[in-house]
file my_file_9.cif (mmCIF, N, CA and C atoms)
data_run
#
loop_
_atom_site.label_atom_id
_atom_site.label_comp_id
_atom_site.auth_asym_id
_atom_site.auth_seq_id
_atom_site.Cartn_x
_atom_site.Cartn_y
_atom_site.Cartn_z
N MET A 4 3.22 7.85 -39.53
CA MET A 4 3.23 8.42 -38.20
C MET A 4 4.33 7.73 -37.38
N LYS A 5 5.17 8.51 -36.76
CA LYS A 5 6.26 7.99 -35.96
C LYS A 5 5.77 7.67 -34.56
N GLU A 6 6.11 6.46 -34.06
CA GLU A 6 5.67 6.06 -32.72
C GLU A 6 6.64 6.56 -31.67
N ASP A 7 6.09 6.90 -30.51
CA ASP A 7 6.89 7.31 -29.37
C ASP A 7 7.64 6.09 -28.85
N PRO A 8 8.99 6.12 -28.79
CA PRO A 8 9.74 4.95 -28.35
C PRO A 8 9.41 4.52 -26.93
N GLU A 9 8.97 5.44 -26.08
CA GLU A 9 8.61 5.08 -24.70
C GLU A 9 7.41 4.13 -24.69
N VAL A 10 6.49 4.31 -25.61
CA VAL A 10 5.30 3.46 -25.68
C VAL A 10 5.68 2.02 -26.03
N LEU A 11 6.77 1.84 -26.76
CA LEU A 11 7.17 0.52 -27.20
C LEU A 11 7.91 -0.28 -26.14
N ILE A 12 8.26 0.33 -25.03
CA ILE A 12 8.99 -0.37 -23.98
C ILE A 12 8.03 -1.33 -23.28
N PRO A 13 8.36 -2.60 -23.22
CA PRO A 13 7.43 -3.57 -22.64
C PRO A 13 7.28 -3.43 -21.13
N PHE A 14 6.14 -3.87 -20.66
CA PHE A 14 5.89 -3.96 -19.23
C PHE A 14 5.50 -5.40 -18.94
N LYS A 15 5.52 -5.80 -17.67
CA LYS A 15 5.33 -7.21 -17.32
C LYS A 15 3.85 -7.62 -17.27
N LYS A 16 3.03 -6.83 -16.63
CA LYS A 16 1.62 -7.19 -16.48
C LYS A 16 0.75 -5.94 -16.54
N HIS A 17 -0.49 -6.17 -16.95
CA HIS A 17 -1.47 -5.08 -17.03
C HIS A 17 -2.64 -5.44 -16.14
N VAL A 18 -2.91 -4.58 -15.17
CA VAL A 18 -4.03 -4.77 -14.24
C VAL A 18 -5.18 -3.90 -14.71
N PHE A 19 -6.33 -4.54 -14.91
CA PHE A 19 -7.55 -3.82 -15.28
C PHE A 19 -8.52 -3.87 -14.10
N VAL A 20 -9.04 -2.73 -13.71
CA VAL A 20 -10.03 -2.67 -12.63
C VAL A 20 -11.35 -2.24 -13.25
N CYS A 21 -12.36 -3.09 -13.10
CA CYS A 21 -13.67 -2.81 -13.69
C CYS A 21 -14.29 -1.56 -13.08
N ASN A 22 -14.82 -0.70 -13.94
CA ASN A 22 -15.54 0.47 -13.45
C ASN A 22 -16.99 0.47 -13.92
N GLY A 23 -17.52 -0.73 -14.16
CA GLY A 23 -18.93 -0.86 -14.50
C GLY A 23 -19.79 -0.44 -13.31
N VAL A 24 -21.08 -0.30 -13.54
CA VAL A 24 -21.99 0.22 -12.52
C VAL A 24 -21.93 -0.61 -11.23
N SER A 25 -22.04 -1.93 -11.32
CA SER A 25 -22.04 -2.77 -10.12
C SER A 25 -20.69 -2.76 -9.41
N CYS A 26 -19.61 -2.85 -10.18
CA CYS A 26 -18.28 -2.82 -9.55
C CYS A 26 -18.04 -1.48 -8.87
N THR A 27 -18.45 -0.39 -9.53
CA THR A 27 -18.29 0.93 -8.94
C THR A 27 -19.09 1.04 -7.65
N ALA A 28 -20.31 0.52 -7.65
CA ALA A 28 -21.14 0.56 -6.45
C ALA A 28 -20.53 -0.24 -5.31
N ASN A 29 -19.68 -1.21 -5.65
CA ASN A 29 -19.04 -2.05 -4.63
C ASN A 29 -17.61 -1.61 -4.30
N GLY A 30 -17.20 -0.44 -4.77
CA GLY A 30 -15.93 0.12 -4.35
C GLY A 30 -14.75 -0.06 -5.28
N SER A 31 -14.99 -0.27 -6.57
CA SER A 31 -13.86 -0.49 -7.48
C SER A 31 -12.94 0.73 -7.59
N ALA A 32 -13.47 1.94 -7.43
CA ALA A 32 -12.61 3.12 -7.51
C ALA A 32 -11.58 3.10 -6.38
N LEU A 33 -11.98 2.65 -5.21
CA LEU A 33 -11.04 2.54 -4.08
C LEU A 33 -9.99 1.47 -4.34
N VAL A 34 -10.39 0.39 -5.01
CA VAL A 34 -9.45 -0.68 -5.37
C VAL A 34 -8.42 -0.14 -6.35
N LYS A 35 -8.88 0.55 -7.39
CA LYS A 35 -7.93 1.10 -8.37
C LYS A 35 -7.01 2.12 -7.72
N ASP A 36 -7.56 2.99 -6.88
CA ASP A 36 -6.73 3.98 -6.19
C ASP A 36 -5.64 3.30 -5.36
N ARG A 37 -5.99 2.19 -4.73
CA ARG A 37 -5.00 1.47 -3.91
C ARG A 37 -3.91 0.86 -4.79
N PHE A 38 -4.29 0.29 -5.95
CA PHE A 38 -3.28 -0.23 -6.88
C PHE A 38 -2.33 0.88 -7.31
N VAL A 39 -2.87 2.01 -7.74
CA VAL A 39 -2.05 3.11 -8.22
C VAL A 39 -1.14 3.62 -7.11
N THR A 40 -1.69 3.82 -5.92
CA THR A 40 -0.90 4.30 -4.78
C THR A 40 0.23 3.34 -4.43
N GLU A 41 -0.09 2.05 -4.33
CA GLU A 41 0.91 1.04 -3.97
C GLU A 41 1.99 0.91 -5.04
N LEU A 42 1.58 0.83 -6.30
CA LEU A 42 2.55 0.67 -7.38
C LEU A 42 3.46 1.90 -7.50
N ARG A 43 2.88 3.08 -7.35
CA ARG A 43 3.71 4.30 -7.40
C ARG A 43 4.69 4.34 -6.24
N ALA A 44 4.23 3.99 -5.03
CA ALA A 44 5.09 4.01 -3.85
C ALA A 44 6.26 3.03 -4.00
N ARG A 45 6.04 1.95 -4.72
CA ARG A 45 7.07 0.93 -4.92
C ARG A 45 7.93 1.21 -6.16
N GLY A 46 7.59 2.27 -6.89
CA GLY A 46 8.32 2.58 -8.12
C GLY A 46 8.05 1.59 -9.23
N GLN A 47 6.86 0.95 -9.21
CA GLN A 47 6.54 -0.09 -10.19
C GLN A 47 5.44 0.30 -11.17
N MET A 48 4.92 1.50 -11.06
CA MET A 48 3.83 1.94 -11.93
C MET A 48 4.39 2.37 -13.28
N ARG A 49 3.91 1.76 -14.34
CA ARG A 49 4.34 2.09 -15.71
C ARG A 49 3.31 3.02 -16.31
N LYS A 50 3.50 4.28 -16.12
CA LYS A 50 2.58 5.27 -16.70
C LYS A 50 3.39 6.51 -17.01
N LYS A 51 3.67 6.72 -18.28
CA LYS A 51 4.44 7.87 -18.74
C LYS A 51 5.85 7.89 -18.16
N LYS A 52 6.36 6.73 -17.80
CA LYS A 52 7.76 6.62 -17.43
C LYS A 52 8.23 5.22 -17.79
N ILE A 53 9.49 5.07 -18.05
CA ILE A 53 10.02 3.80 -18.53
C ILE A 53 10.25 2.79 -17.42
N GLU A 54 10.50 3.25 -16.21
CA GLU A 54 10.94 2.36 -15.14
C GLU A 54 9.92 1.33 -14.66
N GLY A 55 8.64 1.62 -14.68
CA GLY A 55 7.64 0.75 -14.07
C GLY A 55 7.41 -0.54 -14.82
N ASP A 56 7.10 -1.58 -14.07
CA ASP A 56 6.85 -2.91 -14.64
C ASP A 56 5.37 -3.20 -14.89
N PHE A 57 4.47 -2.42 -14.27
CA PHE A 57 3.05 -2.76 -14.30
C PHE A 57 2.19 -1.57 -14.70
N MET A 58 1.18 -1.86 -15.53
CA MET A 58 0.18 -0.86 -15.91
C MET A 58 -1.07 -1.13 -15.08
N CYS A 59 -1.81 -0.07 -14.78
CA CYS A 59 -3.09 -0.23 -14.09
C CYS A 59 -4.07 0.76 -14.70
N THR A 60 -5.14 0.23 -15.27
CA THR A 60 -6.14 1.08 -15.91
C THR A 60 -7.54 0.59 -15.58
N ASP A 61 -8.50 1.47 -15.83
CA ASP A 61 -9.91 1.10 -15.71
C ASP A 61 -10.32 0.31 -16.94
N CYS A 62 -11.36 -0.48 -16.78
CA CYS A 62 -12.02 -1.08 -17.94
C CYS A 62 -13.52 -1.00 -17.68
N SER A 63 -14.29 -1.02 -18.73
CA SER A 63 -15.74 -0.99 -18.54
C SER A 63 -16.21 -2.36 -18.07
N SER A 64 -17.47 -2.52 -17.92
CA SER A 64 -18.04 -3.74 -17.36
C SER A 64 -17.48 -4.99 -18.02
N VAL A 65 -17.14 -5.98 -17.20
CA VAL A 65 -16.65 -7.26 -17.72
C VAL A 65 -17.80 -8.25 -17.89
N GLY A 66 -19.02 -7.82 -17.55
CA GLY A 66 -20.21 -8.61 -17.85
C GLY A 66 -20.64 -9.59 -16.77
N PHE A 67 -19.95 -9.63 -15.67
CA PHE A 67 -20.32 -10.52 -14.56
C PHE A 67 -20.47 -9.68 -13.31
N CYS A 68 -21.55 -8.92 -13.27
CA CYS A 68 -21.73 -7.89 -12.24
C CYS A 68 -21.70 -8.44 -10.82
N GLU A 69 -22.07 -9.69 -10.65
CA GLU A 69 -22.13 -10.26 -9.30
C GLU A 69 -20.76 -10.51 -8.67
N ILE A 70 -19.68 -10.37 -9.43
CA ILE A 70 -18.36 -10.68 -8.87
C ILE A 70 -17.60 -9.44 -8.41
N GLY A 71 -18.15 -8.26 -8.58
CA GLY A 71 -17.40 -7.04 -8.34
C GLY A 71 -17.04 -6.74 -6.90
N PRO A 72 -16.03 -5.91 -6.75
CA PRO A 72 -15.16 -5.36 -7.76
C PRO A 72 -14.29 -6.43 -8.43
N ALA A 73 -14.24 -6.36 -9.75
CA ALA A 73 -13.45 -7.31 -10.52
C ALA A 73 -12.12 -6.69 -10.92
N VAL A 74 -11.07 -7.51 -10.83
CA VAL A 74 -9.73 -7.09 -11.23
C VAL A 74 -9.20 -8.18 -12.16
N LEU A 75 -8.73 -7.78 -13.33
CA LEU A 75 -8.19 -8.72 -14.31
C LEU A 75 -6.70 -8.45 -14.47
N VAL A 76 -5.90 -9.52 -14.51
CA VAL A 76 -4.45 -9.36 -14.69
C VAL A 76 -4.04 -10.11 -15.96
N TYR A 77 -3.46 -9.35 -16.88
CA TYR A 77 -3.00 -9.92 -18.15
C TYR A 77 -1.52 -9.64 -18.34
N PRO A 78 -0.80 -10.54 -18.99
CA PRO A 78 -1.27 -11.58 -19.88
C PRO A 78 -1.67 -12.88 -19.19
N ASP A 79 -1.67 -12.92 -17.87
CA ASP A 79 -1.96 -14.15 -17.13
C ASP A 79 -3.40 -14.64 -17.29
N GLY A 80 -4.32 -13.73 -17.59
CA GLY A 80 -5.72 -14.11 -17.75
C GLY A 80 -6.41 -14.44 -16.44
N ILE A 81 -5.95 -13.87 -15.34
CA ILE A 81 -6.55 -14.11 -14.04
C ILE A 81 -7.63 -13.07 -13.79
N TRP A 82 -8.82 -13.56 -13.39
CA TRP A 82 -9.94 -12.70 -13.03
C TRP A 82 -10.16 -12.84 -11.53
N TYR A 83 -9.93 -11.76 -10.80
CA TYR A 83 -10.18 -11.73 -9.37
C TYR A 83 -11.58 -11.18 -9.11
N ALA A 84 -12.24 -11.68 -8.07
CA ALA A 84 -13.60 -11.25 -7.74
C ALA A 84 -13.66 -10.75 -6.30
N GLY A 85 -14.55 -9.80 -6.07
CA GLY A 85 -14.78 -9.29 -4.72
C GLY A 85 -13.53 -8.70 -4.09
N VAL A 86 -12.73 -8.03 -4.91
CA VAL A 86 -11.46 -7.48 -4.42
C VAL A 86 -11.73 -6.26 -3.55
N HIS A 87 -11.09 -6.22 -2.40
CA HIS A 87 -11.18 -5.12 -1.44
C HIS A 87 -9.84 -4.36 -1.49
N PRO A 88 -9.83 -3.07 -1.20
CA PRO A 88 -8.55 -2.35 -1.21
C PRO A 88 -7.46 -3.02 -0.36
N ASP A 89 -7.84 -3.66 0.72
CA ASP A 89 -6.85 -4.34 1.58
C ASP A 89 -6.24 -5.57 0.91
N ASP A 90 -6.87 -6.08 -0.17
CA ASP A 90 -6.32 -7.22 -0.91
C ASP A 90 -5.21 -6.80 -1.87
N VAL A 91 -5.15 -5.54 -2.20
CA VAL A 91 -4.24 -5.06 -3.25
C VAL A 91 -2.77 -5.34 -2.94
N PRO A 92 -2.27 -5.03 -1.73
CA PRO A 92 -0.85 -5.33 -1.47
C PRO A 92 -0.52 -6.81 -1.64
N THR A 93 -1.44 -7.69 -1.27
CA THR A 93 -1.22 -9.13 -1.44
C THR A 93 -1.16 -9.50 -2.90
N ILE A 94 -2.06 -8.94 -3.72
CA ILE A 94 -2.04 -9.21 -5.16
C ILE A 94 -0.72 -8.73 -5.76
N ILE A 95 -0.27 -7.55 -5.34
CA ILE A 95 1.00 -7.03 -5.87
C ILE A 95 2.17 -7.91 -5.43
N ASP A 96 2.24 -8.21 -4.14
CA ASP A 96 3.36 -9.01 -3.62
C ASP A 96 3.38 -10.42 -4.20
N GLU A 97 2.24 -11.08 -4.12
CA GLU A 97 2.19 -12.49 -4.51
C GLU A 97 2.12 -12.69 -6.02
N HIS A 98 1.17 -12.03 -6.66
CA HIS A 98 0.94 -12.28 -8.08
C HIS A 98 1.87 -11.46 -8.99
N LEU A 99 1.79 -10.14 -8.87
CA LEU A 99 2.56 -9.32 -9.80
C LEU A 99 4.06 -9.51 -9.63
N ASN A 100 4.53 -9.52 -8.40
CA ASN A 100 5.98 -9.60 -8.17
C ASN A 100 6.53 -11.02 -8.11
N ASN A 101 5.72 -11.99 -7.71
CA ASN A 101 6.25 -13.34 -7.52
C ASN A 101 5.57 -14.41 -8.37
N GLY A 102 4.62 -14.01 -9.22
CA GLY A 102 4.01 -14.95 -10.16
C GLY A 102 3.09 -15.98 -9.54
N ARG A 103 2.60 -15.72 -8.31
CA ARG A 103 1.69 -16.65 -7.64
C ARG A 103 0.33 -15.99 -7.45
N PRO A 104 -0.63 -16.27 -8.35
CA PRO A 104 -1.96 -15.68 -8.20
C PRO A 104 -2.56 -16.00 -6.83
N VAL A 105 -3.36 -15.09 -6.33
CA VAL A 105 -3.97 -15.20 -5.00
C VAL A 105 -5.24 -16.04 -5.14
N SER A 106 -5.13 -17.33 -4.84
CA SER A 106 -6.19 -18.29 -5.14
C SER A 106 -7.52 -17.97 -4.45
N ARG A 107 -7.50 -17.41 -3.26
CA ARG A 107 -8.76 -17.14 -2.55
C ARG A 107 -9.62 -16.09 -3.27
N LEU A 108 -9.02 -15.31 -4.18
CA LEU A 108 -9.75 -14.27 -4.89
C LEU A 108 -10.04 -14.61 -6.34
N ILE A 109 -9.49 -15.71 -6.85
CA ILE A 109 -9.66 -16.05 -8.27
C ILE A 109 -11.08 -16.54 -8.54
N LYS A 110 -11.68 -15.95 -9.55
CA LYS A 110 -13.00 -16.38 -10.00
C LYS A 110 -12.90 -17.14 -11.32
N ASN A 111 -11.90 -16.77 -12.14
CA ASN A 111 -11.78 -17.40 -13.45
C ASN A 111 -10.35 -17.21 -13.95
N ARG A 112 -9.99 -18.06 -14.91
CA ARG A 112 -8.71 -17.91 -15.60
C ARG A 112 -8.96 -18.09 -17.08
N VAL A 113 -8.56 -17.11 -17.84
CA VAL A 113 -8.66 -17.15 -19.29
C VAL A 113 -7.24 -17.35 -19.78
N PRO A 114 -6.89 -18.56 -20.20
CA PRO A 114 -5.49 -18.84 -20.52
C PRO A 114 -4.91 -17.92 -21.59
N ALA A 115 -3.69 -17.49 -21.33
CA ALA A 115 -2.94 -16.72 -22.31
C ALA A 115 -2.42 -17.68 -23.37
N PRO A 116 -2.08 -17.18 -24.55
CA PRO A 116 -1.53 -18.06 -25.59
C PRO A 116 -0.34 -18.86 -25.06
N GLY A 117 -0.37 -20.15 -25.32
CA GLY A 117 0.70 -21.02 -24.85
C GLY A 117 0.42 -21.64 -23.49
N LEU A 118 -0.61 -21.16 -22.80
CA LEU A 118 -0.93 -21.69 -21.48
C LEU A 118 -2.23 -22.50 -21.47
N GLU A 119 -2.81 -22.71 -22.65
CA GLU A 119 -4.11 -23.37 -22.73
C GLU A 119 -4.13 -24.76 -22.10
N ASP A 120 -3.00 -25.46 -22.09
CA ASP A 120 -2.98 -26.82 -21.56
C ASP A 120 -2.76 -26.88 -20.06
N GLU A 121 -2.49 -25.74 -19.41
CA GLU A 121 -2.30 -25.74 -17.97
C GLU A 121 -3.62 -25.94 -17.26
N GLU A 122 -3.56 -26.52 -16.10
CA GLU A 122 -4.74 -26.72 -15.26
C GLU A 122 -5.16 -25.36 -14.71
N PRO A 123 -6.45 -24.99 -14.79
CA PRO A 123 -6.88 -23.70 -14.26
C PRO A 123 -6.74 -23.65 -12.75
N ASP A 124 -6.56 -22.44 -12.21
CA ASP A 124 -6.42 -22.24 -10.77
C ASP A 124 -7.75 -22.35 -10.04
N SER A 125 -8.86 -22.27 -10.76
CA SER A 125 -10.17 -22.34 -10.12
C SER A 125 -11.18 -22.83 -11.14
N ALA A 126 -12.39 -23.07 -10.64
CA ALA A 126 -13.47 -23.52 -11.52
C ALA A 126 -13.84 -22.40 -12.48
N PRO A 127 -14.43 -22.75 -13.64
CA PRO A 127 -14.86 -21.71 -14.58
C PRO A 127 -15.85 -20.76 -13.94
N MET A 128 -15.88 -19.53 -14.45
CA MET A 128 -16.79 -18.53 -13.93
C MET A 128 -18.22 -18.98 -14.13
N GLU A 129 -19.00 -18.87 -13.09
CA GLU A 129 -20.41 -19.25 -13.17
C GLU A 129 -21.22 -18.02 -13.55
N THR A 130 -22.24 -18.26 -14.35
CA THR A 130 -23.14 -17.17 -14.69
C THR A 130 -24.53 -17.55 -14.22
N THR A 131 -25.33 -16.55 -13.93
CA THR A 131 -26.71 -16.80 -13.51
C THR A 131 -27.63 -16.24 -14.55
N ASN A 132 -28.67 -16.97 -14.85
CA ASN A 132 -29.67 -16.50 -15.82
C ASN A 132 -30.80 -15.84 -15.08
N PRO A 133 -31.19 -14.64 -15.51
CA PRO A 133 -32.29 -13.93 -14.82
C PRO A 133 -33.61 -14.63 -14.96
#
call {"tool": "encode", "arguments": {"input": "my_file_9.cif", "output": "structure tokens"}}
result
Amino acid sequence: MKEDPEVLIPFKKHVFVCNGVSCTANGSALVKDRFVTELRARGQMRKKKIEGDFMCTDCSSVGFCEIGPAVLVYPDGIWYAGVHPDDVPTIIDEHLNNGRPVSRLIKNRVPAPGLEDEEPDSAPMETTNP
């Protein structure tokens, strides 16, 4: 099977917005819509075109329902918690475009390969037992 050459063009970062039940109840669809709107307006959305630097897609539950809406940015391994649509431009400006994660929203960091020895930006994600 021959691969589409457009699919092979690299992008810089992939933003995942949780659409699990709790995240959805807390407004994750509005968060994703804001990412898509902002990235498209800036000409940075990588979806069926070569020019964009960033992908933005839904993901199912990330398993920590109390943190929603959750936004994950890879390959950086940054997990943002309680993201509001008004936070999106800051995440794009600071993190996606300038490589500075937004510390006030970070809940966890899952190091990417080669970054395991770096100091995490925040404490490990806490879980609660029912």
call {"tool": "residues_around", "arguments": {"input": "my_file_9.cif", "residues": "A:Val113", "least_positions_apart": "5", "cutoff": "6.5 Å", "atoms": "only N, CA and C atoms", "output": "list in words"}}
result
Asp79, Gly80, Ile81 and Trp82 of chain A
call {"tool": "atom_distance", "arguments": {"input": "my_file_9.cif", "atom1": "atom CA of A:His17", "atom2": "atom CA of A:Glu54"}}
result
14.6 Å
call {"tool": "select_by_dssp", "arguments": {"input": "my_file_9.cif", "residues": "stretch 46-92 of chain A", "states": "strand (DSSP E)", "output": "list of chain:residue names"}}
result
A:Phe57, A:Met58, A:Cys59, A:Thr60, A:Asp61, A:Cys62, A:Val74, A:Leu75, A:Val76, A:Tyr77, A:Ile81, A:Trp82, A:Tyr83
call {"tool": "closest_residue", "arguments": {"input": "my_file_9.cif", "among": "A:Arg49, A:Gly23, A:Phe57, A:Asp36", "to": "A:Leu99", "atoms": "all atoms listed in the file"}}
result
A:Phe57
call {"tool": "residues_around", "arguments": {"input": "my_file_9.cif", "residues": "stretch 61-77 of chain A", "least_positions_apart": "2", "cutoff": "8 Å", "atoms": "only C-alpha atoms", "output": "ChimeraX atom specification"}}
result
/A:16-27,29-31,34-35,59,79-87,110,115,130
call {"tool": "write_last_selection", "arguments": {"input": "my_file_9.cif", "atoms": "N, CA and C atoms", "output": "PDB file, in the coordinates of the input"}}
result
ATOM      1  N   LYS A  16       3.030  -6.830 -16.630  1.00  0.00           N
ATOM      2  CA  LYS A  16       1.620  -7.190 -16.480  1.00  0.00           C
ATOM      3  C   LYS A  16       0.750  -5.940 -16.540  1.00  0.00           C
ATOM      4  N   HIS A  17      -0.490  -6.170 -16.950  1.00  0.00           N
ATOM      5  CA  HIS A  17      -1.470  -5.080 -17.030  1.00  0.00           C
ATOM      6  C   HIS A  17      -2.640  -5.440 -16.140  1.00  0.00           C
ATOM      7  N   VAL A  18      -2.910  -4.580 -15.170  1.00  0.00           N
ATOM      8  CA  VAL A  18      -4.030  -4.770 -14.240  1.00  0.00           C
ATOM      9  C   VAL A  18      -5.180  -3.900 -14.710  1.00  0.00           C
ATOM     10  N   PHE A  19      -6.330  -4.540 -14.910  1.00  0.00           N
ATOM     11  CA  PHE A  19      -7.550  -3.820 -15.280  1.00  0.00           C
ATOM     12  C   PHE A  19      -8.520  -3.870 -14.100  1.00  0.00           C
ATOM     13  N   VAL A  20      -9.040  -2.730 -13.710  1.00  0.00           N
ATOM     14  CA  VAL A  20     -10.030  -2.670 -12.630  1.00  0.00           C
ATOM     15  C   VAL A  20     -11.350  -2.240 -13.250  1.00  0.00           C
ATOM     16  N   CYS A  21     -12.360  -3.090 -13.100  1.00  0.00           N
ATOM     17  CA  CYS A  21     -13.670  -2.810 -13.690  1.00  0.00           C
ATOM     18  C   CYS A  21     -14.290  -1.560 -13.080  1.00  0.00           C
ATOM     19  N   ASN A  22     -14.820  -0.700 -13.940  1.00  0.00           N
ATOM     20  CA  ASN A  22     -15.540   0.470 -13.450  1.00  0.00           C
ATOM     21  C   ASN A  22     -16.990   0.470 -13.920  1.00  0.00           C
ATOM     22  N   GLY A  23     -17.520  -0.730 -14.160  1.00  0.00           N
ATOM     23  CA  GLY A  23     -18.930  -0.860 -14.500  1.00  0.00           C
ATOM     24  C   GLY A  23     -19.790  -0.440 -13.310  1.00  0.00           C
ATOM     25  N   VAL A  24     -21.080  -0.300 -13.540  1.00  0.00           N
ATOM     26  CA  VAL A  24     -21.990   0.220 -12.520  1.00  0.00           C
ATOM     27  C   VAL A  24     -21.930  -0.610 -11.230  1.00  0.00           C
ATOM     28  N   SER A  25     -22.040  -1.930 -11.320  1.00  0.00           N
ATOM     29  CA  SER A  25     -22.040  -2.770 -10.120  1.00  0.00           C
ATOM     30  C   SER A  25     -20.690  -2.760  -9.410  1.00  0.00           C
ATOM     31  N   CYS A  26     -19.610  -2.850 -10.180  1.00  0.00           N
ATOM     32  CA  CYS A  26     -18.280  -2.820  -9.550  1.00  0.00           C
ATOM     33  C   CYS A  26     -18.040  -1.480  -8.870  1.00  0.00           C
ATOM     34  N   THR A  27     -18.450  -0.390  -9.530  1.00  0.00           N
ATOM     35  CA  THR A  27     -18.290   0.930  -8.940  1.00  0.00           C
ATOM     36  C   THR A  27     -19.090   1.040  -7.650  1.00  0.00           C
ATOM     37  N   ASN A  29     -19.680  -1.210  -5.650  1.00  0.00           N
ATOM     38  CA  ASN A  29     -19.040  -2.050  -4.630  1.00  0.00           C
ATOM     39  C   ASN A  29     -17.610  -1.610  -4.300  1.00  0.00           C
ATOM     40  N   GLY A  30     -17.200  -0.440  -4.770  1.00  0.00           N
ATOM     41  CA  GLY A  30     -15.930   0.120  -4.350  1.00  0.00           C
ATOM     42  C   GLY A  30     -14.750  -0.060  -5.280  1.00  0.00           C
ATOM     43  N   SER A  31     -14.990  -0.270  -6.570  1.00  0.00           N
ATOM     44  CA  SER A  31     -13.860  -0.490  -7.480  1.00  0.00           C
ATOM     45  C   SER A  31     -12.940   0.730  -7.590  1.00  0.00           C
ATOM     46  N   VAL A  34     -10.390   0.390  -5.010  1.00  0.00           N
ATOM     47  CA  VAL A  34      -9.450  -0.680  -5.370  1.00  0.00           C
ATOM     48  C   VAL A  34      -8.420  -0.140  -6.350  1.00  0.00           C
ATOM     49  N   LYS A  35      -8.880   0.550  -7.390  1.00  0.00           N
ATOM     50  CA  LYS A  35      -7.930   1.100  -8.370  1.00  0.00           C
ATOM     51  C   LYS A  35      -7.010   2.120  -7.720  1.00  0.00           C
ATOM     52  N   CYS A  59      -1.810  -0.070 -14.780  1.00  0.00           N
ATOM     53  CA  CYS A  59      -3.090  -0.230 -14.090  1.00  0.00           C
ATOM     54  C   CYS A  59      -4.070   0.760 -14.700  1.00  0.00           C
ATOM     55  N   ASP A  79      -1.670 -12.920 -17.870  1.00  0.00           N
ATOM     56  CA  ASP A  79      -1.960 -14.150 -17.130  1.00  0.00           C
ATOM     57  C   ASP A  79      -3.400 -14.640 -17.290  1.00  0.00           C
ATOM     58  N   GLY A  80      -4.320 -13.730 -17.590  1.00  0.00           N
ATOM     59  CA  GLY A  80      -5.720 -14.110 -17.750  1.00  0.00           C
ATOM     60  C   GLY A  80      -6.410 -14.440 -16.440  1.00  0.00           C
ATOM     61  N   ILE A  81      -5.950 -13.870 -15.340  1.00  0.00           N
ATOM     62  CA  ILE A  81      -6.550 -14.110 -14.040  1.00  0.00           C
ATOM     63  C   ILE A  81      -7.630 -13.070 -13.790  1.00  0.00           C
ATOM     64  N   TRP A  82      -8.820 -13.560 -13.390  1.00  0.00           N
ATOM     65  CA  TRP A  82      -9.940 -12.700 -13.030  1.00  0.00           C
ATOM     66  C   TRP A  82     -10.160 -12.840 -11.530  1.00  0.00           C
ATOM     67  N   TYR A  83      -9.930 -11.760 -10.800  1.00  0.00           N
ATOM     68  CA  TYR A  83     -10.180 -11.730  -9.370  1.00  0.00           C
ATOM     69  C   TYR A  83     -11.580 -11.180  -9.110  1.00  0.00           C
ATOM     70  N   ALA A  84     -12.240 -11.680  -8.070  1.00  0.00           N
ATOM     71  CA  ALA A  84     -13.600 -11.250  -7.740  1.00  0.00           C
ATOM     72  C   ALA A  84     -13.660 -10.750  -6.300  1.00  0.00           C
ATOM     73  N   GLY A  85     -14.550  -9.800  -6.070  1.00  0.00           N
ATOM     74  CA  GLY A  85     -14.780  -9.290  -4.720  1.00  0.00           C
ATOM     75  C   GLY A  85     -13.530  -8.700  -4.090  1.00  0.00           C
ATOM     76  N   VAL A  86     -12.730  -8.030  -4.910  1.00  0.00           N
ATOM     77  CA  VAL A  86     -11.460  -7.480  -4.420  1.00  0.00           C
ATOM     78  C   VAL A  86     -11.730  -6.260  -3.550  1.00  0.00           C
ATOM     79  N   HIS A  87     -11.090  -6.220  -2.400  1.00  0.00           N
ATOM     80  CA  HIS A  87     -11.180  -5.120  -1.440  1.00  0.00           C
ATOM     81  C   HIS A  87      -9.840  -4.360  -1.490  1.00  0.00           C
ATOM     82  N   LYS A 110     -11.680 -15.950  -9.550  1.00  0.00           N
ATOM     83  CA  LYS A 110     -13.000 -16.380 -10.000  1.00  0.00           C
ATOM     84  C   LYS A 110     -12.900 -17.140 -11.320  1.00  0.00           C
ATOM     85  N   ALA A 115      -3.690 -17.490 -21.330  1.00  0.00           N
ATOM     86  CA  ALA A 115      -2.940 -16.720 -22.310  1.00  0.00           C
ATOM     87  C   ALA A 115      -2.420 -17.680 -23.370  1.00  0.00           C
ATOM     88  N   THR A 130     -22.240 -18.260 -14.350  1.00  0.00           N
ATOM     89  CA  THR A 130     -23.140 -17.170 -14.690  1.00  0.00           C
ATOM     90  C   THR A 130     -24.530 -17.550 -14.220  1.00  0.00           C
TER      91      THR A 130
END
call {"tool": "build_atoms", "arguments": {"input": "my_file_9.cif", "residues": "stretch 32-36 of chain A", "atoms": "N, CA, C and O atoms", "output": "short mmCIF file (atom, residue, chain, number, x, y, z; two decimals), in the coordinates of the input"}}
result
data_model
loop_
_atom_site.label_atom_id
_atom_site.label_comp_id
_atom_site.auth_asym_id
_atom_site.auth_seq_id
_atom_site.Cartn_x
_atom_site.Cartn_y
_atom_site.Cartn_z
N ALA A 32 -13.47 1.94 -7.43
CA ALA A 32 -12.61 3.12 -7.51
C ALA A 32 -11.58 3.10 -6.38
O ALA A 32 -10.42 3.47 -6.58
N LEU A 33 -11.98 2.65 -5.21
CA LEU A 33 -11.04 2.54 -4.08
C LEU A 33 -9.99 1.47 -4.34
O LEU A 33 -8.83 1.63 -3.96
N VAL A 34 -10.39 0.39 -5.01
CA VAL A 34 -9.45 -0.68 -5.37
C VAL A 34 -8.42 -0.14 -6.35
O VAL A 34 -7.21 -0.33 -6.17
N LYS A 35 -8.88 0.55 -7.39
CA LYS A 35 -7.93 1.10 -8.37
C LYS A 35 -7.01 2.12 -7.72
O LYS A 35 -5.79 2.11 -7.95
N ASP A 36 -7.56 2.99 -6.88
CA ASP A 36 -6.73 3.98 -6.19
C ASP A 36 -5.64 3.30 -5.36
O ASP A 36 -4.51 3.76 -5.34
#
